[in-house]
$ cat structure_27.pdb   # PDB, C-alpha atoms
ATOM      1  CA  MET V 165    -136.060 251.822-148.603  1.00  0.00           C
ATOM      2  CA  PRO V 166    -138.277 250.942-145.619  1.00  0.00           C
ATOM      3  CA  LEU V 167    -142.026 251.362-145.928  1.00  0.00           C
ATOM      4  CA  PRO V 168    -143.429 254.438-144.181  1.00  0.00           C
ATOM      5  CA  THR V 169    -145.466 253.113-141.257  1.00  0.00           C
ATOM      6  CA  VAL V 170    -147.873 254.231-138.577  1.00  0.00           C
ATOM      7  CA  ARG V 171    -147.194 252.876-135.084  1.00  0.00           C
ATOM      8  CA  PHE V 172    -150.024 251.367-133.104  1.00  0.00           C
ATOM      9  CA  LYS V 173    -149.914 250.484-129.428  1.00  0.00           C
ATOM     10  CA  HIS V 174    -152.795 249.281-127.322  1.00  0.00           C
ATOM     11  CA  ALA V 175    -152.526 247.373-124.063  1.00  0.00           C
ATOM     12  CA  ARG V 176    -149.692 244.893-124.641  1.00  0.00           C
ATOM     13  CA  PHE V 177    -149.929 244.789-128.453  1.00  0.00           C
ATOM     14  CA  SER V 178    -147.690 247.047-130.490  1.00  0.00           C
ATOM     15  CA  ALA V 179    -147.113 247.000-134.251  1.00  0.00           C
ATOM     16  CA  ARG V 180    -146.303 249.152-137.236  1.00  0.00           C
ATOM     17  CA  PHE V 181    -148.679 249.261-140.207  1.00  0.00           C
ATOM     18  CA  PRO V 182    -147.664 250.465-143.683  1.00  0.00           C
ATOM     19  CA  GLU V 183    -149.147 253.886-144.262  1.00  0.00           C
ATOM     20  CA  THR V 184    -150.168 253.489-147.929  1.00  0.00           C
ATOM     21  CA  TYR V 185    -151.817 250.051-147.695  1.00  0.00           C
ATOM     22  CA  ARG V 186    -155.536 249.331-147.519  1.00  0.00           C
ATOM     23  CA  TYR V 187    -156.864 247.075-144.737  1.00  0.00           C
ATOM     24  CA  SER V 188    -159.867 244.797-144.274  1.00  0.00           C
ATOM     25  CA  ARG V 189    -161.882 244.274-141.128  1.00  0.00           C
ATOM     26  CA  SER V 190    -160.887 240.605-141.431  1.00  0.00           C
ATOM     27  CA  HIS V 191    -157.216 241.572-140.814  1.00  0.00           C
ATOM     28  CA  TYR V 192    -155.776 241.428-144.314  1.00  0.00           C
ATOM     29  CA  TRP V 193    -153.765 244.174-145.971  1.00  0.00           C
ATOM     30  CA  MET V 194    -153.845 245.117-149.670  1.00  0.00           C
ATOM     31  CA  ALA V 195    -150.946 246.847-151.437  1.00  0.00           C
ATOM     32  CA  ARG V 196    -150.720 247.963-155.051  1.00  0.00           C
ATOM     33  CA  VAL V 197    -147.852 246.304-156.962  1.00  0.00           C
ATOM     34  CA  GLU V 198    -145.665 248.977-158.563  1.00  0.00           C
ATOM     35  CA  GLY V 199    -145.531 248.842-162.344  1.00  0.00           C
ATOM     36  CA  ALA V 200    -148.402 246.354-162.663  1.00  0.00           C
ATOM     37  CA  GLU V 201    -151.776 247.611-163.803  1.00  0.00           C
ATOM     38  CA  ASP V 202    -154.312 247.224-160.987  1.00  0.00           C
ATOM     39  CA  VAL V 203    -152.420 244.293-159.407  1.00  0.00           C
ATOM     40  CA  TRP V 204    -152.522 244.155-155.622  1.00  0.00           C
ATOM     41  CA  ARG V 205    -150.829 241.840-153.168  1.00  0.00           C
ATOM     42  CA  VAL V 206    -152.775 240.686-150.137  1.00  0.00           C
ATOM     43  CA  GLY V 207    -151.415 239.470-146.814  1.00  0.00           C
ATOM     44  CA  PHE V 208    -152.198 239.060-143.145  1.00  0.00           C
ATOM     45  CA  THR V 209    -151.789 242.036-140.828  1.00  0.00           C
ATOM     46  CA  LYS V 210    -149.431 241.726-137.884  1.00  0.00           C
ATOM     47  CA  PHE V 211    -152.469 241.254-135.651  1.00  0.00           C
ATOM     48  CA  ALA V 212    -153.632 238.259-137.728  1.00  0.00           C
ATOM     49  CA  THR V 213    -150.164 236.690-137.672  1.00  0.00           C
ATOM     50  CA  ARG V 214    -150.133 236.967-133.860  1.00  0.00           C
ATOM     51  CA  MET V 215    -153.384 235.013-133.686  1.00  0.00           C
ATOM     52  CA  LEU V 216    -152.215 232.297-136.113  1.00  0.00           C
ATOM     53  CA  GLY V 217    -148.619 231.893-134.930  1.00  0.00           C
ATOM     54  CA  GLU V 218    -145.881 230.538-137.202  1.00  0.00           C
ATOM     55  CA  LEU V 219    -147.197 229.215-140.503  1.00  0.00           C
ATOM     56  CA  VAL V 220    -146.018 225.848-141.735  1.00  0.00           C
ATOM     57  CA  ASP V 221    -147.993 225.342-144.948  1.00  0.00           C
ATOM     58  CA  CYS V 222    -150.463 226.907-147.357  1.00  0.00           C
ATOM     59  CA  GLU V 223    -152.422 225.937-150.433  1.00  0.00           C
ATOM     60  CA  TRP V 224    -154.335 227.979-153.029  1.00  0.00           C
ATOM     61  CA  GLN V 225    -157.624 226.757-154.468  1.00  0.00           C
ATOM     62  CA  MET V 226    -157.651 229.413-157.175  1.00  0.00           C
ATOM     63  CA  LYS V 227    -155.758 229.301-160.463  1.00  0.00           C
ATOM     64  CA  ALA V 228    -154.423 232.298-162.394  1.00  0.00           C
ATOM     65  CA  GLY V 229    -157.352 233.907-164.200  1.00  0.00           C
ATOM     66  CA  ASP V 230    -160.094 232.713-161.814  1.00  0.00           C
ATOM     67  CA  ASN V 231    -162.604 235.399-160.844  1.00  0.00           C
ATOM     68  CA  VAL V 232    -162.602 236.358-157.171  1.00  0.00           C
ATOM     69  CA  GLU V 233    -164.703 238.573-154.950  1.00  0.00           C
ATOM     70  CA  PRO V 234    -164.714 239.563-151.279  1.00  0.00           C
ATOM     71  CA  GLY V 235    -165.551 236.633-149.032  1.00  0.00           C
ATOM     72  CA  LYS V 236    -164.598 233.932-151.550  1.00  0.00           C
ATOM     73  CA  ASN V 237    -162.378 231.183-150.126  1.00  0.00           C
ATOM     74  CA  VAL V 238    -159.089 231.259-152.074  1.00  0.00           C
ATOM     75  CA  GLY V 239    -157.086 228.730-150.023  1.00  0.00           C
ATOM     76  CA  TRP V 240    -155.871 227.869-146.546  1.00  0.00           C
ATOM     77  CA  VAL V 241    -152.912 228.292-144.221  1.00  0.00           C
ATOM     78  CA  GLU V 242    -151.783 226.054-141.408  1.00  0.00           C
ATOM     79  CA  GLY V 243    -149.870 227.305-138.400  1.00  0.00           C
ATOM     80  CA  PHE V 244    -148.629 225.930-135.109  1.00  0.00           C
ATOM     81  CA  LYS V 245    -151.530 227.610-133.270  1.00  0.00           C
ATOM     82  CA  ALA V 246    -154.317 227.207-135.830  1.00  0.00           C
ATOM     83  CA  ALA V 247    -155.373 226.415-139.368  1.00  0.00           C
ATOM     84  CA  SER V 248    -157.411 228.970-141.245  1.00  0.00           C
ATOM     85  CA  ASP V 249    -159.168 229.408-144.542  1.00  0.00           C
ATOM     86  CA  VAL V 250    -157.929 232.386-146.545  1.00  0.00           C
ATOM     87  CA  TYR V 251    -160.629 234.634-147.941  1.00  0.00           C
ATOM     88  CA  CYS V 252    -160.476 237.157-150.720  1.00  0.00           C
ATOM     89  CA  VAL V 253    -160.707 240.859-149.926  1.00  0.00           C
ATOM     90  CA  MET V 254    -160.525 241.970-153.560  1.00  0.00           C
ATOM     91  CA  ASN V 255    -162.780 242.120-156.620  1.00  0.00           C
ATOM     92  CA  GLY V 256    -161.083 240.911-159.776  1.00  0.00           C
ATOM     93  CA  THR V 257    -158.966 238.093-161.140  1.00  0.00           C
ATOM     94  CA  PHE V 258    -156.652 235.833-159.147  1.00  0.00           C
ATOM     95  CA  VAL V 259    -153.044 236.299-160.325  1.00  0.00           C
ATOM     96  CA  GLU V 260    -151.073 233.924-158.086  1.00  0.00           C
ATOM     97  CA  GLY V 261    -150.305 232.710-154.604  1.00  0.00           C
ATOM     98  CA  ASN V 262    -146.922 233.735-153.230  1.00  0.00           C
ATOM     99  CA  PRO V 263    -144.602 230.958-154.488  1.00  0.00           C
ATOM    100  CA  TYR V 264    -142.014 231.759-151.792  1.00  0.00           C
ATOM    101  CA  LEU V 265    -144.347 230.489-149.067  1.00  0.00           C
ATOM    102  CA  LYS V 266    -143.749 226.877-150.172  1.00  0.00           C
ATOM    103  CA  GLN V 267    -140.061 227.361-149.250  1.00  0.00           C
ATOM    104  CA  ASP V 268    -140.568 229.375-146.060  1.00  0.00           C
ATOM    105  CA  ALA V 269    -144.138 229.924-144.830  1.00  0.00           C
ATOM    106  CA  CYS V 270    -142.754 231.476-141.621  1.00  0.00           C
ATOM    107  CA  VAL V 271    -141.972 234.649-143.585  1.00  0.00           C
ATOM    108  CA  VAL V 272    -145.672 235.539-143.262  1.00  0.00           C
ATOM    109  CA  ARG V 273    -144.992 236.249-139.593  1.00  0.00           C
ATOM    110  CA  THR V 274    -141.418 237.583-139.815  1.00  0.00           C
ATOM    111  CA  ASP V 275    -141.974 239.889-142.818  1.00  0.00           C
ATOM    112  CA  PRO V 276    -145.761 240.134-143.288  1.00  0.00           C
ATOM    113  CA  TYR V 277    -145.811 243.394-145.263  1.00  0.00           C
ATOM    114  CA  GLU V 278    -143.272 242.692-147.966  1.00  0.00           C
ATOM    115  CA  VAL V 279    -141.942 239.168-148.625  1.00  0.00           C
ATOM    116  CA  GLY V 280    -144.724 237.418-146.663  1.00  0.00           C
ATOM    117  CA  TRP V 281    -147.684 238.369-148.863  1.00  0.00           C
ATOM    118  CA  LEU V 282    -150.270 235.626-149.479  1.00  0.00           C
ATOM    119  CA  TYR V 283    -151.766 236.113-152.938  1.00  0.00           C
ATOM    120  CA  ALA V 284    -152.123 238.672-155.736  1.00  0.00           C
ATOM    121  CA  VAL V 285    -155.258 239.865-157.540  1.00  0.00           C
ATOM    122  CA  GLN V 286    -155.758 242.109-160.542  1.00  0.00           C
ATOM    123  CA  GLY V 287    -158.679 244.322-159.606  1.00  0.00           C
ATOM    124  CA  GLN V 288    -159.690 246.553-156.737  1.00  0.00           C
ATOM    125  CA  PRO V 289    -159.923 246.248-152.921  1.00  0.00           C
ATOM    126  CA  GLU V 290    -163.300 245.509-151.351  1.00  0.00           C
ATOM    127  CA  ALA V 291    -165.557 248.551-151.108  1.00  0.00           C
ATOM    128  CA  ASP V 292    -165.372 248.795-147.299  1.00  0.00           C
ATOM    129  CA  SER V 293    -161.568 248.551-147.032  1.00  0.00           C
ATOM    130  CA  LEU V 294    -159.957 250.959-144.586  1.00  0.00           C
ATOM    131  CA  ASP V 295    -156.959 253.261-144.701  1.00  0.00           C
ATOM    132  CA  VAL V 296    -154.316 252.735-142.015  1.00  0.00           C
ATOM    133  CA  HIS V 297    -155.950 255.135-139.547  1.00  0.00           C
ATOM    134  CA  GLY V 298    -159.379 253.527-139.973  1.00  0.00           C
ATOM    135  CA  TYR V 299    -157.850 250.083-139.436  1.00  0.00           C
ATOM    136  CA  ILE V 300    -155.976 251.193-136.318  1.00  0.00           C
ATOM    137  CA  GLU V 301    -159.195 252.603-134.849  1.00  0.00           C
ATOM    138  CA  TYR V 302    -161.023 249.371-135.682  1.00  0.00           C
ATOM    139  CA  LEU V 303    -158.208 247.225-134.256  1.00  0.00           C
ATOM    140  CA  GLY V 304    -158.121 249.268-131.048  1.00  0.00           C
ATOM    141  CA  GLY V 305    -161.794 248.446-130.493  1.00  0.00           C
ATOM    142  CA  ILE V 306    -161.202 244.728-131.034  1.00  0.00           C
ATOM    143  CA  ILE V 307    -158.243 244.586-128.652  1.00  0.00           C
ATOM    144  CA  GLN V 308    -160.189 246.526-126.028  1.00  0.00           C
ATOM    145  CA  ARG V 309    -163.109 244.062-126.293  1.00  0.00           C
ATOM    146  CA  MET V 310    -160.656 241.140-125.971  1.00  0.00           C
ATOM    147  CA  ALA V 311    -159.136 242.718-122.855  1.00  0.00           C
ATOM    148  CA  ASP V 312    -162.585 243.404-121.372  1.00  0.00           C
ATOM    149  CA  GLU V 313    -163.493 239.727-121.903  1.00  0.00           C
ATOM    150  CA  GLY V 314    -160.205 238.529-120.369  1.00  0.00           C
ATOM    151  CA  HIS V 315    -158.696 237.294-123.651  1.00  0.00           C
ATOM    152  CA  GLY V 316    -155.466 238.054-125.365  1.00  0.00           C
ATOM    153  CA  GLU V 317    -152.747 238.369-122.717  1.00  0.00           C
ATOM    154  CA  GLU V 318    -150.593 235.790-124.502  1.00  0.00           C
ATOM    155  CA  GLY V 319    -151.786 236.620-128.010  1.00  0.00           C
ATOM    156  CA  ALA V 320    -151.427 240.363-127.584  1.00  0.00           C
ATOM    157  CA  ALA V 321    -147.968 240.451-126.005  1.00  0.00           C
ATOM    158  CA  ASN V 322    -145.788 243.377-127.046  1.00  0.00           C
ATOM    159  CA  GLU V 323    -144.267 243.008-130.488  1.00  0.00           C
ATOM    160  CA  ASP V 324    -143.237 246.122-132.384  1.00  0.00           C
ATOM    161  CA  ASN V 325    -142.828 245.156-136.053  1.00  0.00           C
TER     162      ASN V 325
END

$ encode --input "structure_27.pdb" --output "structure tokens"
Amino acid sequence: MPLPTVRFKHARFSARFPETYRYSRSHYWMARVEGAEDVWRVGFTKFATRMLGELVDCEWQMKAGDNVEPGKNVGWVEGFKAASDVYCVMNGTFVEGNPYLKQDACVVRTDPYEVGWLYAVQGQPEADSLDVHGYIEYLGGIIQRMADEGHGEEGAANEDN
């Protein structure tokens, strides 16, 4: 069953965001794992994947059971466009990195909200996480600033996923 989503379109960027997820201002999503007590998966939003491009590799610095908090570096990802540290947006205990990414890191871009999650944490989202409507409003402001500054024509091309 497909996730219920909210469609967002601004300038030349278009995407769908899962309605029940939480979002960070640093462009990560957080989704509760069904049947697991306080376990959440974390991944990049569609906007973040557009900025990074196709991923080719990732590595996790945390081990299962390590304490994490918002802002803590938990690993890194490497893409064709850029390499980036991956930061935590949760308070709690690191559960695991997505083992599937070692086989196919590109899934982060092609299926960011289900198979392409990055890591899992047992705990709670950061205190200032946003619901989908708050994130869309925040994202609209960022894209508008990018357009005003002359950035983003290539990076914000239309993609409705």

$ resolve_selection --input "structure_27.pdb" --expression "the PyMOL selection byres ((chain V and resi 292) around 10)" --output "MDAnalysis selection string"
chainID V and resid 186:189 253 289:291 293:295

$ residues_around --input "structure_27.pdb" --residues "segment 267-270 of chain V" --least-positions-apart "3" --cutoff "12 Å" --atoms "only C-alpha atoms" --output "list in words"
Thr213, Leu216, Gly217, Glu218, Leu219, Val220, Asp221, Cys222, Glu223, Val241, Glu242, Gly243, Phe244, Gly261, Asn262, Pro263, Tyr264, Arg273, Thr274, Asp275, Pro276, Val279, Gly280, Trp281 and Leu282 of chain V

$ residues_around --input "structure_27.pdb" --residues "Trp204 of chain V" --least-positions-apart "3" --cutoff "12 Å" --atoms "only C-alpha atoms" --output "PyMOL selection string"
chain V and resi 185-186+193-201+207+252-261+281-290

$ atom_distance --input "structure_27.pdb" --atom1 "atom CA of Trp240 of chain V" --atom2 "atom CA of Glu278 of chain V"
19.5 Å

$ residues_around --input "structure_27.pdb" --residues "Val238 of chain V" --least-positions-apart "6" --cutoff "7 Å" --atoms "all atoms listed in the file" --output "list in words"
Trp224, Gln225, Met226, Val250, Tyr251 and Cys252 of chain V

$ atom_distance --input "structure_27.pdb" --atom1 "atom CA of Ile300 of chain V" --atom2 "atom CA of Ala247 of chain V"
25.0 Å

$ residues_around --input "structure_27.pdb" --residues "Ala212 of chain V" --least-positions-apart "4" --cutoff "8 Å" --atoms "all atoms listed in the file" --output "VMD selection string"
chain V and resid 191 to 192 208 216

$ residues_near_point --input "structure_27.pdb" --point "(-142.8, 251.4, -146.3)" --cutoff "9 Å" --atoms "all atoms listed in the file" --output "list in words"
Met165, Pro166, Leu167, Pro168, Thr169, Phe181, Pro182, Glu183, Thr184, Tyr277 and Glu278 of chain V

$ atom_distance --input "structure_27.pdb" --atom1 "atom CA of Tyr299 of chain V" --atom2 "atom CA of His315 of chain V"
20.3 Å

$ build_atoms --input "structure_27.pdb" --residues "segment 279-296 of chain V" --atoms "N, CA and C atoms" --output "PDB file, in the frame of the given file"
ATOM      1  N   VAL V 279    -142.197 240.497-148.063  1.00  0.00           N
ATOM      2  CA  VAL V 279    -141.942 239.168-148.625  1.00  0.00           C
ATOM      3  C   VAL V 279    -143.063 238.192-148.292  1.00  0.00           C
ATOM      4  N   GLY V 280    -143.735 238.372-147.147  1.00  0.00           N
ATOM      5  CA  GLY V 280    -144.724 237.418-146.663  1.00  0.00           C
ATOM      6  C   GLY V 280    -146.142 237.626-147.154  1.00  0.00           C
ATOM      7  N   TRP V 281    -146.327 238.222-148.320  1.00  0.00           N
ATOM      8  CA  TRP V 281    -147.684 238.369-148.863  1.00  0.00           C
ATOM      9  C   TRP V 281    -148.259 236.997-149.193  1.00  0.00           C
ATOM     10  N   LEU V 282    -149.587 236.899-149.256  1.00  0.00           N
ATOM     11  CA  LEU V 282    -150.270 235.626-149.479  1.00  0.00           C
ATOM     12  C   LEU V 282    -150.596 235.375-150.949  1.00  0.00           C
ATOM     13  N   TYR V 283    -151.326 236.296-151.556  1.00  0.00           N
ATOM     14  CA  TYR V 283    -151.766 236.113-152.938  1.00  0.00           C
ATOM     15  C   TYR V 283    -151.899 237.468-153.623  1.00  0.00           C
ATOM     16  N   ALA V 284    -151.988 237.443-154.955  1.00  0.00           N
ATOM     17  CA  ALA V 284    -152.123 238.672-155.736  1.00  0.00           C
ATOM     18  C   ALA V 284    -153.389 238.596-156.586  1.00  0.00           C
ATOM     19  N   VAL V 285    -154.030 239.753-156.756  1.00  0.00           N
ATOM     20  CA  VAL V 285    -155.258 239.865-157.540  1.00  0.00           C
ATOM     21  C   VAL V 285    -155.146 241.089-158.440  1.00  0.00           C
ATOM     22  N   GLN V 286    -155.617 240.940-159.671  1.00  0.00           N
ATOM     23  CA  GLN V 286    -155.758 242.109-160.542  1.00  0.00           C
ATOM     24  C   GLN V 286    -157.183 242.587-160.374  1.00  0.00           C
ATOM     25  N   GLY V 287    -157.351 243.791-159.871  1.00  0.00           N
ATOM     26  CA  GLY V 287    -158.679 244.322-159.606  1.00  0.00           C
ATOM     27  C   GLY V 287    -158.615 245.455-158.608  1.00  0.00           C
ATOM     28  N   GLN V 288    -159.579 245.483-157.721  1.00  0.00           N
ATOM     29  CA  GLN V 288    -159.690 246.553-156.737  1.00  0.00           C
ATOM     30  C   GLN V 288    -160.030 245.990-155.356  1.00  0.00           C
ATOM     31  N   PRO V 289    -159.571 246.677-154.286  1.00  0.00           N
ATOM     32  CA  PRO V 289    -159.923 246.248-152.921  1.00  0.00           C
ATOM     33  C   PRO V 289    -161.428 246.308-152.684  1.00  0.00           C
ATOM     34  N   GLU V 290    -161.886 245.505-151.725  1.00  0.00           N
ATOM     35  CA  GLU V 290    -163.300 245.509-151.351  1.00  0.00           C
ATOM     36  C   GLU V 290    -163.742 246.936-151.021  1.00  0.00           C
ATOM     37  N   ALA V 291    -165.014 247.199-151.257  1.00  0.00           N
ATOM     38  CA  ALA V 291    -165.557 248.551-151.108  1.00  0.00           C
ATOM     39  C   ALA V 291    -165.391 249.112-149.699  1.00  0.00           C
ATOM     40  N   ASP V 292    -165.453 248.278-148.665  1.00  0.00           N
ATOM     41  CA  ASP V 292    -165.372 248.795-147.299  1.00  0.00           C
ATOM     42  C   ASP V 292    -163.966 248.679-146.695  1.00  0.00           C
ATOM     43  N   SER V 293    -162.942 248.589-147.560  1.00  0.00           N
ATOM     44  CA  SER V 293    -161.568 248.551-147.032  1.00  0.00           C
ATOM     45  C   SER V 293    -161.254 249.880-146.341  1.00  0.00           C
ATOM     46  N   LEU V 294    -160.296 249.817-145.431  1.00  0.00           N
ATOM     47  CA  LEU V 294    -159.957 250.959-144.586  1.00  0.00           C
ATOM     48  C   LEU V 294    -158.557 251.470-144.891  1.00  0.00           C
ATOM     49  N   ASP V 295    -158.337 252.761-144.674  1.00  0.00           N
ATOM     50  CA  ASP V 295    -156.959 253.261-144.701  1.00  0.00           C
ATOM     51  C   ASP V 295    -156.317 252.890-143.368  1.00  0.00           C
ATOM     52  N   VAL V 296    -155.041 253.172-143.214  1.00  0.00           N
ATOM     53  CA  VAL V 296    -154.316 252.735-142.015  1.00  0.00           C
ATOM     54  C   VAL V 296    -154.936 253.300-140.729  1.00  0.00           C
TER      55      VAL V 296
END
